[in-house]
Structures are given as C-alpha cells and as structure tokens.
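> Below is query22.cif; it holds mmCIF, C-alpha atoms.
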data_entry
#
loop_
_atom_site.label_atom_id
_atom_site.label_comp_id
_atom_site.auth_asym_id
_atom_site.auth_seq_id
_atom_site.Cartn_x
_atom_site.Cartn_y
_atom_site.Cartn_z
CA MET F 155 5.14 17.45 21.35
CA PRO F 156 5.78 15.01 24.20
CA ASP F 157 9.28 14.64 25.57
CA PRO F 158 11.30 11.50 24.79
CA ARG F 159 10.70 8.76 27.34
CA MET F 160 14.36 8.38 28.23
CA GLY F 161 14.02 9.31 31.90
CA ALA F 162 11.93 6.24 32.72
CA ARG F 163 14.08 3.80 30.74
CA ASN F 164 16.30 1.75 33.03
CA GLY F 165 17.77 4.81 34.69
CA VAL F 166 19.17 6.37 31.52
CA ALA F 167 19.41 10.14 31.85
CA THR F 168 16.85 12.18 29.96
CA LEU F 169 18.00 13.46 26.57
CA ASP F 170 16.25 16.33 24.79
CA HIS F 171 15.50 16.41 21.09
CA ALA F 172 18.68 18.34 20.25
CA GLU F 173 20.82 15.75 22.02
CA LEU F 174 18.99 12.91 20.29
CA GLY F 175 19.50 14.65 16.96
CA ARG F 176 23.23 14.88 17.59
CA ALA F 177 23.26 11.21 18.57
CA LEU F 178 21.51 10.25 15.33
CA ILE F 179 24.04 12.21 13.27
CA GLU F 180 26.84 10.51 15.19
CA SER F 181 25.24 7.11 14.58
CA ASP F 182 25.56 7.68 10.83
CA ARG F 183 29.16 8.77 11.18
CA GLN F 184 29.98 5.67 13.22
CA TYR F 185 28.05 3.35 10.89
CA PHE F 186 30.18 4.40 7.91
CA GLU F 187 33.34 3.94 9.97
CA LEU F 188 32.53 0.33 10.94
CA GLY F 189 35.27 -1.86 9.46
CA ALA F 190 36.43 1.06 7.33
CA ARG F 191 39.70 2.66 6.38
CA GLN F 192 39.85 6.39 7.03
CA THR F 193 41.81 9.34 5.74
CA VAL F 194 41.74 13.04 6.63
CA LEU F 195 40.99 15.87 4.21
CA THR F 196 40.84 19.60 4.84
CA GLY F 197 37.92 19.95 7.23
CA ALA F 198 36.55 16.45 6.57
CA GLU F 199 37.27 12.73 6.60
CA ILE F 200 36.81 9.90 4.10
CA ALA F 201 35.70 6.46 5.31
CA TRP F 202 35.55 3.46 2.99
CA LEU F 203 35.63 -0.33 3.04
CA ASP F 204 38.76 -1.75 1.49
CA GLY F 205 38.09 -3.35 -1.89
CA MET F 206 34.57 -1.93 -2.03
CA ALA F 207 35.15 1.75 -2.78
CA ASP F 208 33.21 1.46 -6.05
CA LEU F 209 30.09 0.53 -4.05
CA PRO F 210 28.28 3.80 -3.13
CA ALA F 211 27.20 2.45 0.27
CA ALA F 212 30.77 1.51 1.19
CA GLY F 213 32.37 4.96 1.26
CA VAL F 214 31.62 8.58 2.13
CA VAL F 215 33.13 11.96 2.86
CA HIS F 216 31.78 13.03 6.25
CA ARG F 217 32.60 14.71 9.57
CA VAL F 218 32.74 17.96 7.59
CA VAL F 219 33.76 21.08 9.56
CA PRO F 220 32.78 24.02 7.31
CA GLY F 221 34.74 26.52 9.42
CA GLU F 222 37.97 24.80 8.41
CA VAL F 223 37.26 25.20 4.68
CA ALA F 224 38.55 28.58 3.48
CA ASP F 225 38.41 27.76 -0.25
CA PRO F 226 35.23 25.84 -1.27
CA ALA F 227 36.41 25.34 -4.87
CA GLY F 228 39.74 23.93 -3.74
CA TRP F 229 38.00 21.79 -1.13
CA VAL F 230 35.62 20.19 -3.65
CA ALA F 231 38.55 19.57 -6.01
CA GLU F 232 40.52 17.95 -3.16
CA LEU F 233 37.74 15.61 -2.04
CA THR F 234 36.85 14.68 -5.62
CA ALA F 235 40.46 13.80 -6.45
CA ALA F 236 40.90 11.89 -3.18
CA GLN F 237 37.81 9.77 -3.80
CA ARG F 238 38.87 9.00 -7.35
CA ASP F 239 42.36 8.02 -6.16
CA ILE F 240 40.83 5.58 -3.66
CA GLY F 241 38.63 4.06 -6.38
CA PHE F 242 35.25 5.67 -5.79
CA THR F 243 33.04 5.65 -8.86
CA SER F 244 30.28 7.56 -7.04
CA GLY F 245 31.10 10.36 -4.63
CA ARG F 246 29.04 11.00 -1.51
CA VAL F 247 29.45 13.95 0.85
CA TYR F 248 27.42 14.25 4.05
CA LEU F 249 26.83 17.65 5.61
CA ASP F 250 25.42 17.67 9.13
CA GLU F 251 23.73 21.01 8.48
CA PRO F 252 23.24 23.49 5.60
CA CYS F 253 26.40 25.30 4.46
CA GLU F 254 25.78 27.68 1.57
CA PRO F 255 29.38 28.24 0.38
CA LEU F 256 30.16 24.53 0.17
CA GLU F 257 26.78 23.59 -1.27
CA LEU F 258 26.90 26.27 -3.95
CA GLN F 259 30.28 24.93 -5.04
CA LEU F 260 29.12 21.31 -5.01
CA ALA F 261 26.07 22.23 -7.10
CA ALA F 262 28.21 24.18 -9.56
CA GLU F 263 30.33 21.08 -10.13
CA GLY F 264 27.45 18.73 -10.83
CA TRP F 265 26.74 17.30 -7.38
CA THR F 266 23.09 16.82 -6.43
CA MET F 267 21.61 17.05 -2.95
CA ARG F 268 18.97 15.09 -1.10
CA ARG F 269 17.66 15.83 2.37
CA GLU F 270 17.61 13.08 5.00
CA PRO F 271 15.45 13.95 8.03
CA ALA F 272 16.01 11.89 11.18
CA ARG F 273 13.10 10.75 13.34
CA ILE F 274 12.74 9.35 16.83
CA ALA F 275 9.96 7.28 18.39
CA VAL F 276 8.70 9.73 20.99
CA GLU F 277 5.29 8.13 21.38
CA ASP F 278 4.26 4.48 21.34
CA VAL F 279 4.56 2.94 17.88
CA PRO F 280 0.97 2.12 16.83
CA PRO F 281 0.19 -1.60 16.53
CA SER F 282 0.58 -3.20 13.12
CA ARG F 283 -2.33 -4.77 11.34
CA GLY F 284 -2.13 -8.47 10.56
CA PRO F 285 0.00 -11.16 12.25
CA SER F 286 2.92 -10.04 14.41
CA VAL F 287 6.50 -10.20 13.18
CA GLU F 288 9.62 -11.52 14.88
CA LEU F 289 13.23 -10.45 14.49
CA LEU F 290 15.79 -13.24 14.17
CA PRO F 291 19.54 -12.50 14.35
CA VAL F 292 21.52 -13.09 11.16
CA VAL F 293 24.34 -15.39 12.24
CA VAL F 294 25.08 -18.38 10.00
CA ASP F 295 25.53 -18.60 6.23
CA GLU F 296 21.94 -19.71 5.71
CA ASP F 297 20.75 -16.53 7.46
CA TRP F 298 22.88 -14.37 5.18
CA ASP F 299 21.55 -16.26 2.14
CA ALA F 300 17.98 -15.55 3.28
CA LYS F 301 18.87 -11.90 3.74
CA GLU F 302 20.39 -11.71 0.27
CA ALA F 303 17.21 -13.25 -1.19
CA VAL F 304 15.20 -10.35 0.25
CA HIS F 305 17.54 -7.83 -1.39
CA LEU F 306 17.42 -9.71 -4.70
CA ALA F 307 13.63 -9.57 -4.69
CA ASP F 308 13.61 -5.87 -3.86
CA GLY F 309 15.89 -4.68 -6.66
CA ILE F 310 16.43 -1.28 -4.99
CA ARG F 311 19.05 -0.89 -2.29
CA PRO F 312 18.04 0.77 1.01
CA ASP F 313 20.12 3.90 0.34
CA GLY F 314 18.65 4.38 -3.14
CA HIS F 315 22.00 3.96 -4.86
CA PRO F 316 22.63 1.07 -7.29
CA ALA F 317 24.44 -2.04 -6.06
CA PRO F 318 24.26 -5.80 -6.72
CA ALA F 319 22.48 -7.58 -3.88
CA SER F 320 25.45 -9.88 -3.26
CA ARG F 321 27.88 -6.99 -2.84
CA TRP F 322 25.43 -5.07 -0.65
CA VAL F 323 25.18 -8.05 1.68
CA ALA F 324 28.97 -8.50 1.64
CA MET F 325 29.30 -4.85 2.67
CA GLU F 326 26.89 -5.35 5.56
CA GLN F 327 28.73 -8.51 6.65
CA VAL F 328 31.96 -6.52 7.02
CA ARG F 329 30.22 -3.97 9.22
CA VAL F 330 28.37 -6.58 11.30
CA ALA F 331 31.66 -8.45 11.87
CA THR F 332 32.87 -5.49 13.97
CA GLY F 333 30.41 -6.57 16.67
CA ARG F 334 28.82 -3.13 16.88
CA LEU F 335 26.04 -3.67 14.35
CA ASP F 336 23.28 -6.30 14.41
CA ALA F 337 21.55 -7.76 11.36
CA TRP F 338 18.03 -9.19 11.62
CA LEU F 339 15.72 -11.26 9.48
CA VAL F 340 12.07 -10.26 9.71
CA ARG F 341 9.80 -13.28 9.86
CA ARG F 342 6.02 -13.54 9.95
CA LYS F 343 4.05 -16.78 10.07
CA GLY F 344 7.28 -18.68 9.44
CA ILE F 345 8.16 -16.74 6.26
CA VAL F 346 11.14 -14.37 5.93
CA CYS F 347 9.59 -11.13 4.71
CA GLY F 348 12.25 -8.53 5.38
CA THR F 349 15.57 -7.53 6.89
CA VAL F 350 16.87 -4.69 9.04
CA LEU F 351 19.97 -3.59 10.96
CA SER F 352 20.34 -1.92 14.35
CA MET F 353 23.09 -0.39 16.49
CA ALA F 354 23.19 1.43 19.81
CA VAL F 355 24.87 4.85 19.88
CA ASP F 356 24.70 7.54 22.58
CA GLY F 357 21.25 6.83 23.99
CA ILE F 358 19.53 5.75 20.80
CA LEU F 359 18.87 2.46 19.05
CA ARG F 360 19.55 3.30 15.44
CA MET F 361 17.52 1.43 12.85
CA LYS F 362 19.32 1.05 9.52
CA ASN F 363 18.57 -0.41 6.07
CA LEU F 364 15.01 -1.67 6.54
CA VAL F 365 13.84 -3.73 3.55
CA VAL F 366 10.44 -5.39 3.23
CA HIS F 367 10.05 -8.10 0.58
CA PRO F 368 7.84 -6.79 -2.28
CA ASP F 369 5.33 -9.61 -1.70
CA HIS F 370 4.74 -8.41 1.86
CA ARG F 371 4.51 -4.65 1.47
CA ARG F 372 1.43 -2.74 2.58
CA THR F 373 0.57 -5.56 4.98
CA GLY F 374 1.88 -3.97 8.18
CA VAL F 375 5.31 -5.60 8.19
CA GLY F 376 7.22 -2.30 8.32
CA LEU F 377 5.18 -1.00 11.23
CA GLY F 378 5.60 -4.34 12.97
CA VAL F 379 9.38 -4.08 12.66
CA LEU F 380 9.35 -0.58 14.14
CA GLY F 381 7.26 -1.84 17.03
CA ARG F 382 9.68 -4.69 17.74
CA LEU F 383 12.69 -2.38 17.60
CA ASP F 384 10.95 0.17 19.80
CA ASP F 385 10.33 -2.57 22.39
CA MET F 386 14.01 -3.54 22.11
CA ALA F 387 15.03 0.08 22.62
CA ARG F 388 12.82 0.45 25.70
CA GLU F 389 14.25 -2.69 27.25
CA ARG F 390 17.75 -1.24 26.86
CA GLY F 391 16.87 2.25 28.07
CA LEU F 392 17.23 3.72 24.57
CA VAL F 393 15.12 5.70 22.09
CA LEU F 394 14.49 4.30 18.61
CA GLY F 395 15.70 6.54 15.78
CA THR F 396 16.33 6.42 12.04
CA PHE F 397 16.92 8.50 8.91
CA ALA F 398 14.84 8.57 5.73
CA VAL F 399 15.26 10.24 2.36
CA ALA F 400 12.86 13.19 2.15
CA GLY F 401 9.86 12.28 0.00
CA ASP F 402 10.67 8.57 0.02
CA VAL F 403 8.18 5.86 1.02
CA GLY F 404 10.09 5.40 4.28
CA GLU F 405 8.87 8.80 5.44
CA LEU F 406 5.27 7.63 5.14
CA LEU F 407 6.05 4.64 7.35
CA TYR F 408 7.78 6.72 10.00
CA ARG F 409 4.92 9.21 10.08
CA ALA F 410 2.49 6.33 10.53
CA ALA F 411 4.67 5.17 13.42
CA ALA F 412 4.33 8.61 15.09
CA MET F 413 8.08 9.26 14.82
CA HIS F 414 9.12 12.92 15.08
CA VAL F 415 11.82 14.77 13.11
CA VAL F 416 14.66 16.00 15.34
CA VAL F 417 17.45 16.79 12.87
CA GLU F 418 18.30 16.65 9.16
CA GLN F 419 21.48 15.85 7.28
CA ARG F 420 22.19 16.50 3.60
CA GLU F 421 23.78 14.05 1.18
CA TRP F 422 25.51 15.39 -1.92
CA SER F 423 26.44 12.87 -4.61
CA ARG F 424 27.68 12.56 -8.19
CA ARG F 425 29.26 10.05 -10.52
CA LEU F 426 33.04 10.27 -10.47
CA ASP F 427 33.80 7.98 -13.41
CA THR F 428 32.67 10.69 -15.84
CA PRO F 429 34.21 14.16 -16.39
#
Would you kindly transcribe this structure into structure tokens?

Amino acid sequence: MPDPRMGARNGVATLDHAELGRALIESDRQYFELGARQTVLTGAEIAWLDGMADLPAAGVVHRVVPGEVADPAGWVAELTAAQRDIGFTSGRVYLDEPCEPLELQLAAEGWTMRREPARIAVEDVPPSRGPSVELLPVVVDEDWDAKEAVHLADGIRPDGHPAPASRWVAMEQVRVATGRLDAWLVRRKGIVCGTVLSMAVDGILRMKNLVVHPDHRRTGVGLGVLGRLDDMARERGLVLGTFAVAGDVGELLYRAAAMHVVVEQREWSRRLDTP
C-alpha cells in the first residue's frame, strides 16, 4: 500500500496511517462537540446541541476511556440515565476501539452495534464519468433552502438515523456557525445535485454527511465530489478522509475512489423512550 502523500503537500510533515487514523477519530469527536454542551461521565463525555437532544445526530456519548470503567453494568446505567435526563430519545455511544466488557454489557441491555471504518485517499481519486461537479459554499438562506431540498428528496439522513430534513439542516447550521465546519452544495451543469460538509483536523480534511440527490445517483456525482475534496485537501497540505457504515452504499463509493481503511470506530445505539 502506498504511503500517504503528506510529505509533498505544502511542507506538512508526513503522517503514517496510524496517525491519520487517530486524526480521523479525533475529527468525529470534534464534530460532535461543535456548538455543543458537554458533561462528564465516568470514563466518558456526553456532547449534545441544546434543544436538539431528541435528534440522534445532535448528541452522543464519546471520548470513552475503558480503563476508567470498573463496573460496566453501573456505567451503562449511568450513561443511559444521563442521556434520558438531558432529553435523548435515542442513545448513541461511540467506542474508538473494541472493548469486550463494555460491549457485552451494552448488548445485554438492548444496544446494537454497527462498525464504521474510516478511509483516507492515499492514491489519486479516479476521475468521475460524466460532467464535472463544483462545490459552492452554503452561506445565505437560499443556499440552506437548496440544501434542505436535497435532504427532503433523499428521505434518509446521512447517519442512517431518522430525522426530519428541516431539523437535520438546523443541526448542521448550528455546527457550521462555529466557523470550524464548511457546508457545500454540489452542482453539476447548473443543477444542485447534492450536499456535503468538510472540516480540517490534525492533518486531514474530513468529509462529512455526503448526500447525492436520488435523481443524480449512479451518474458519477459522488466520485466527482471526492475528487473535488481531494484537490482541496492537496491544496491545503492535507489528506482527505471519511467514515462509512460497514456494508453501506458509501463503502462502495470509497472503494471506487481507492480510499484505504486506516481505523474503525464502533457505534452502539438504542431507543431510550422505551423500557
């Protein structure tokens, strides 16, 4: 496998795959903390957007340190109660690596796990078929309306959890307002055909929440977006990286883009508004 191209990028020091993996994990931690309130649990933290805790994408338990958890059953009870007190209707716990004692307890209490491998663009992203795409910054209200229209047409939120399109976009607006996250409209031949976010963290350009309008799927738009973001990363001396849900359609896109897995995180989730 070729080494990341960091050394030749605007003087940025070379990072190996392990370092890039750690940076990708950190990018997720920082994304969830953008504009968020935070509270400390035993061996973990909760981050959530005020007034949006019932939106799965707006709150998580993360920064888990398994070595600080002596009692897995008590820990799961603590984090479950804390999320309910805040107003979470769906609980989400991110583990940066496998941890059998905690995961056995989560599974015993009805939580389900999905794997999220992270990939980086080590090689050149292959060219997309069809007309090229452009990325336009989401700035004014009309831009946000166009972005919401893409989410309305899609019907499935980027993280796979249910959420009204309007509230999803409101959540992203709060995070973008911090100035650390950029929102983009994807346009091809004058037509808005998708949306994506990006943020720079520790040597990587993190792609987040890519959505292609259903009318434009399987036409090369997704690969075109990756190519544009990879160019943007190169210009800034960064490496493009992203997460995908294992087995999801996103994984097919990232494989087609020659992106390599460098790390994996694990999301555990369950409904909290039922016993």
> Convert the output of the PyMOL selection byres ((chain F and resi 219-223) around 9) on the shown file into explicit residues, formatted as a compact mmCIF listing (two decimals) with C-alpha atoms, keeping the file's coordinate frame.

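File produced: selection10.txt:
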# COMPACT_ATOMS: atom_id res chain seq x y z
CA THR F 196 40.84 19.60 4.84
CA GLY F 197 37.92 19.95 7.23
CA ALA F 198 36.55 16.45 6.57
CA HIS F 216 31.78 13.03 6.25
CA ARG F 217 32.60 14.71 9.57
CA VAL F 218 32.74 17.96 7.59
CA ALA F 224 38.55 28.58 3.48
CA ASP F 225 38.41 27.76 -0.25
CA PRO F 226 35.23 25.84 -1.27
CA GLY F 228 39.74 23.93 -3.74
CA TRP F 229 38.00 21.79 -1.13
CA LEU F 249 26.83 17.65 5.61
CA CYS F 253 26.40 25.30 4.46
CA PRO F 255 29.38 28.24 0.38
CA LEU F 256 30.16 24.53 0.17
> What's the separation between atom CA of F:Leu188 and atom CA of F:Glu257, in Å to one decimal place?
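Spanning atom CA of F:Leu188 to atom CA of F:Glu257 is a straight-line distance of 26.9 Å.
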> Give as a list of chain:residue names each residue that has an atom at most 7 Å from (16.5, 10.5, 10.5) in the file, counting all atoms listed in the file.
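Every residue inside that radius is included here: F:Leu178, F:Glu270, F:Pro271, F:Ala272, F:Arg273, F:Gly395, F:Thr396, F:Phe397, F:Ala398, F:Val415, F:Val417, F:Glu418.
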> Select, from F:Asp313, F:Glu296, F:Glu277, F:Asp308, the residue with the minimum atom-to-atom distance to F:Leu394, counting all atoms listed in the file.
F:Glu277
> Please write the residues picked by the PyMOL selection byres ((chain F and resi 351) around 10) on this file as a VMD selection string.
chain F and resid 291 to 292 326 330 335 to 339 349 to 350 352 to 353 360 to 365 383
